[in-house]
$ cat target.pdb   # PDB, C-alpha atoms
MODEL        1
ATOM      1  CA  MET F   6       0.000   0.000   0.000
ATOM      2  CA  PRO F   7       1.444   3.413  -0.923
ATOM      3  CA  ALA F   8       2.239   5.950   1.785
ATOM      4  CA  PRO F   9      -0.448   8.594   2.384
ATOM      5  CA  VAL F  10       0.149  11.893   0.660
ATOM      6  CA  ASN F  11      -0.325  15.196   2.468
ATOM      7  CA  LYS F  12      -3.127  16.830   0.449
ATOM      8  CA  GLY F  13      -2.071  20.303   1.606
ATOM      9  CA  ALA F  14       1.466  19.900   0.315
ATOM     10  CA  SER F  15       2.521  22.055  -2.595
ATOM     11  CA  ARG F  16       5.911  20.491  -3.327
ATOM     12  CA  ALA F  17       6.955  16.897  -3.432
ATOM     13  CA  SER F  18      10.495  15.786  -2.829
ATOM     14  CA  GLY F  19      11.906  12.387  -2.320
ATOM     15  CA  PRO F  20      10.280   9.071  -3.053
ATOM     16  CA  ALA F  21       6.572   8.392  -3.422
ATOM     17  CA  GLY F  22       4.750  11.436  -2.203
ATOM     18  CA  GLN F  23       6.944  12.571   0.663
ATOM     19  CA  VAL F  24       6.647  16.287   1.239
ATOM     20  CA  VAL F  25       9.097  18.948   2.247
ATOM     21  CA  ILE F  26       8.926  19.529   6.003
ATOM     22  CA  ALA F  27       8.091  23.208   5.524
ATOM     23  CA  ASP F  28       4.889  22.169   3.722
ATOM     24  CA  HIS F  29       3.406  20.476   6.788
ATOM     25  CA  ALA F  30       0.666  22.589   8.360
ATOM     26  CA  ASP F  31       2.062  22.525  11.900
ATOM     27  CA  VAL F  32       5.567  23.388  10.733
ATOM     28  CA  LYS F  33       4.165  26.258   8.661
ATOM     29  CA  ARG F  34       2.347  27.496  11.765
ATOM     30  CA  MET F  35       5.552  27.419  13.795
ATOM     31  CA  LEU F  36       7.578  29.136  11.058
ATOM     32  CA  LEU F  37       4.972  31.883  10.699
ATOM     33  CA  ALA F  38       4.917  32.368  14.464
ATOM     34  CA  GLN F  39       8.710  32.762  14.456
ATOM     35  CA  LYS F  40       8.454  35.283  11.636
ATOM     36  CA  ALA F  41       5.778  37.254  13.496
ATOM     37  CA  TYR F  42       7.845  37.300  16.717
ATOM     38  CA  SER F  43      10.995  38.506  14.997
ATOM     39  CA  GLU F  44       9.308  41.081  12.764
ATOM     40  CA  GLY F  45       7.249  42.376  15.694
ATOM     41  CA  ALA F  46      10.372  42.753  17.822
ATOM     42  CA  LEU F  47      12.196  44.521  14.998
ATOM     43  CA  ALA F  48       9.270  46.915  14.460
ATOM     44  CA  LEU F  49       9.121  47.727  18.180
ATOM     45  CA  VAL F  50      12.857  48.398  18.414
ATOM     46  CA  LEU F  51      12.908  50.519  15.246
ATOM     47  CA  TYR F  52       9.891  52.534  16.396
ATOM     48  CA  SER F  53      11.585  53.168  19.730
ATOM     49  CA  ALA F  54      14.734  54.268  17.894
ATOM     50  CA  ARG F  55      12.664  56.690  15.836
ATOM     51  CA  LEU F  56      11.101  58.085  19.005
ATOM     52  CA  LEU F  57      14.583  58.611  20.441
ATOM     53  CA  ASP F  58      15.623  60.478  17.297
ATOM     54  CA  ASP F  59      12.477  62.604  17.491
ATOM     55  CA  GLU F  60      13.122  63.311  21.166
ATOM     56  CA  LEU F  61      16.602  64.586  20.350
ATOM     57  CA  THR F  62      15.938  66.441  17.100
ATOM     58  CA  ALA F  63      12.290  67.520  16.834
ATOM     59  CA  ASP F  64      10.767  70.791  17.946
ATOM     60  CA  ARG F  65       9.988  71.182  21.635
ATOM     61  CA  GLU F  66       6.372  69.921  21.626
ATOM     62  CA  ALA F  67       7.055  66.946  19.349
ATOM     63  CA  ALA F  68      10.194  66.098  21.316
ATOM     64  CA  GLU F  69       8.260  66.067  24.579
ATOM     65  CA  GLU F  70       5.552  63.855  23.086
ATOM     66  CA  ALA F  71       8.147  61.454  21.667
ATOM     67  CA  GLY F  72       9.964  61.362  25.012
ATOM     68  CA  ASN F  73       6.765  60.527  26.896
ATOM     69  CA  LEU F  74       5.888  57.712  24.501
ATOM     70  CA  LEU F  75       9.463  56.439  24.593
ATOM     71  CA  ALA F  76       9.366  56.351  28.391
ATOM     72  CA  LEU F  77       6.256  54.198  28.147
ATOM     73  CA  LEU F  78       7.664  51.872  25.492
ATOM     74  CA  THR F  79      11.217  51.420  26.809
ATOM     75  CA  PRO F  80      10.384  48.635  29.300
ATOM     76  CA  LEU F  81       8.421  46.829  26.583
ATOM     77  CA  THR F  82      11.185  47.336  24.054
ATOM     78  CA  LYS F  83      13.683  45.823  26.468
ATOM     79  CA  SER F  84      11.667  42.830  27.618
ATOM     80  CA  TRP F  85       9.374  41.770  24.776
ATOM     81  CA  PRO F  86      12.033  40.823  22.185
ATOM     82  CA  SER F  87      14.118  38.828  24.661
ATOM     83  CA  GLU F  88      11.085  36.927  25.985
ATOM     84  CA  TRP F  89       9.626  36.109  22.579
ATOM     85  CA  ALA F  90      12.972  35.292  21.003
ATOM     86  CA  GLN F  91      13.213  32.460  23.513
ATOM     87  CA  ARG F  92       9.797  31.180  22.416
ATOM     88  CA  SER F  93      10.860  31.458  18.800
ATOM     89  CA  LEU F  94      13.975  29.394  19.500
ATOM     90  CA  ASP F  95      11.825  26.851  21.333
ATOM     91  CA  LEU F  96       9.787  26.511  18.131
ATOM     92  CA  ALA F  97      12.994  26.140  16.123
ATOM     93  CA  ILE F  98      13.998  23.200  18.294
ATOM     94  CA  GLN F  99      10.539  21.695  17.805
ATOM     95  CA  ILE F 100      10.831  22.110  14.031
ATOM     96  CA  HIS F 101      14.163  20.287  14.103
ATOM     97  CA  GLY F 102      12.490  17.452  15.978
ATOM     98  CA  GLY F 103      14.606  15.382  18.331
ATOM     99  CA  ALA F 104      17.757  16.504  16.566
ATOM    100  CA  GLY F 105      17.117  20.164  17.402
ATOM    101  CA  TYR F 106      18.541  19.926  20.886
ATOM    102  CA  THR F 107      21.854  18.414  19.950
ATOM    103  CA  ARG F 108      25.152  20.141  19.426
ATOM    104  CA  ASP F 109      24.975  19.247  15.733
ATOM    105  CA  PHE F 110      22.664  22.206  15.143
ATOM    106  CA  GLU F 111      23.296  25.827  16.057
ATOM    107  CA  VAL F 112      19.783  26.251  17.421
ATOM    108  CA  GLU F 113      20.583  24.597  20.754
ATOM    109  CA  GLN F 114      23.454  27.032  21.328
ATOM    110  CA  LEU F 115      21.250  29.964  20.353
ATOM    111  CA  TYR F 116      18.574  28.756  22.784
ATOM    112  CA  ARG F 117      21.062  28.599  25.681
ATOM    113  CA  ASP F 118      22.674  31.930  24.775
ATOM    114  CA  ASN F 119      19.359  33.732  24.401
ATOM    115  CA  ARG F 120      18.197  32.520  27.801
ATOM    116  CA  PHE F 121      20.712  34.926  29.291
ATOM    117  CA  GLU F 122      19.284  37.830  27.280
ATOM    118  CA  ALA F 123      16.145  37.995  29.432
ATOM    119  CA  ILE F 124      18.324  37.880  32.534
ATOM    120  CA  HIS F 125      20.573  40.640  31.155
ATOM    121  CA  GLU F 126      17.612  42.891  30.312
ATOM    122  CA  GLY F 127      16.039  42.330  33.723
ATOM    123  CA  THR F 128      13.219  40.084  34.698
ATOM    124  CA  THR F 129       9.841  40.613  33.159
ATOM    125  CA  GLY F 130       8.485  41.531  36.583
ATOM    126  CA  ILE F 131      11.033  44.332  36.990
ATOM    127  CA  GLN F 132      10.192  45.643  33.525
ATOM    128  CA  ALA F 133       6.474  45.524  34.424
ATOM    129  CA  ILE F 134       7.101  47.548  37.595
ATOM    130  CA  ASP F 135       9.080  50.069  35.535
ATOM    131  CA  LEU F 136       6.185  50.297  33.083
ATOM    132  CA  VAL F 137       3.606  50.862  35.821
ATOM    133  CA  GLN F 138       5.772  53.439  37.582
ATOM    134  CA  SER F 139       6.231  55.381  34.356
ATOM    135  CA  GLN F 140       2.433  55.787  34.237
ATOM    136  CA  ASP F 141       2.206  57.500  37.623
ATOM    137  CA  PRO F 142       1.703  61.269  37.277
TER     138      PRO F 142
ENDMDL
END
$ encode --input "target.pdb" --output "structure tokens"
Amino acid sequence: MPAPVNKGASRASGPAGQVVIADHADVKRMLLAQKAYSEGALALVLYSARLLDDELTADREAAEEAGNLLALLTPLTKSWPSEWAQRSLDLAIQIHGGAGYTRDFEVEQLYRDNRFEAIHEGTTGIQAIDLVQSQDP
């Protein structure tokens, strides 16, 4: 009996209906989640950088507004990318399957290294306190 073919697959590779791993629905979901995490983090960091530029170079009123928004976003900009990068790397290990957490693949080293990023930036709780305190008048 022939092996079942993934009906949702767009590309076939290998013998008798095997599909590329990236064509499996769950793997696509994980890859899209990783893309969303990284692009969201990049957008947040770049927006914060723009606010910093505006704070330093814009006219007085615009600079004050940019500074206030930057003060609100700084704790998020510091904590969100480091927290979600770890989740993205967790998905990368899952995509690799059992081989993802071996020294044969760079992803296990990235996972361990990135774990220290959240510690370096401060715990999420400390960032949350900073965020709440920045809201007090």
$ atom_distance --input "target.pdb" --atom1 "CA of Pro86 (chain F)" --atom2 "CA of Asp58 (chain F)"
20.6 Å
$ resolve_selection --input "target.pdb" --expression "the PyMOL selection byres ((chain F and resi 74) around 12)" --output "list in words"
Tyr52, Ser53, Ala54, Arg55, Leu56, Leu57, Asp59, Glu60, Ala67, Ala68, Glu69, Glu70, Ala71, Gly72, Asn73, Leu75, Ala76, Leu77, Leu78, Thr79, Pro80, Leu81, Thr82, Leu136, Ser139 and Gln140 of chain F
$ closest_residue --input "target.pdb" --among "F:Ser84, F:Asn119, F:Thr62, F:Gln39" --to "Ile134 (chain F)" --atoms "all atoms listed in the file"
F:Ser84
$ closest_residue --input "target.pdb" --among "F:Arg92, F:His101, F:Arg108, F:Arg117" --to "Ser43 (chain F)" --atoms "only C-alpha atoms"
F:Arg92
$ residues_around --input "target.pdb" --residues "Ile100 (chain F)" --least-positions-apart "3" --cutoff "8 Å" --atoms "all atoms listed in the file" --output "list in words"
Val32, Met35, Leu96, Ala97 and Gly105 of chain F
$ residues_around --input "target.pdb" --residues "Ala90 (chain F)" --least-positions-apart "5" --cutoff "12 Å" --atoms "all atoms listed in the file" --output "list in words"
Ala38, Gln39, Lys40, Ala41, Tyr42, Ser43, Glu44, Gly45, Ala46, Leu47, Lys83, Ser84, Trp85, Asp95, Leu96, Ala97, Val112, Leu115, Tyr116, Arg117, Asp118, Asn119, Arg120, Phe121, Glu122 and Ala123 of chain F
$ atom_distance --input "target.pdb" --atom1 "CA of Ser87 (chain F)" --atom2 "CA of Ala133 (chain F)"
14.1 Å
$ atom_distance --input "target.pdb" --atom1 "CA of Val137 (chain F)" --atom2 "CA of Ser93 (chain F)"
26.8 Å
$ closest_residue --input "target.pdb" --among "F:Asp31, F:Glu66, F:Glu113, F:Asp135" --to "Leu94 (chain F)" --atoms "all atoms listed in the file"
F:Glu113
$ axis_aligned_box --input "target.pdb" --around "region 77-84 of chain F" --padding-each-side "3 Å" --output "AutoDock Vina command-line options"
--center_x 10.0 --center_y 48.5 --center_z 26.7 --size_x 13.4 --size_y 17.4 --size_z 11.2
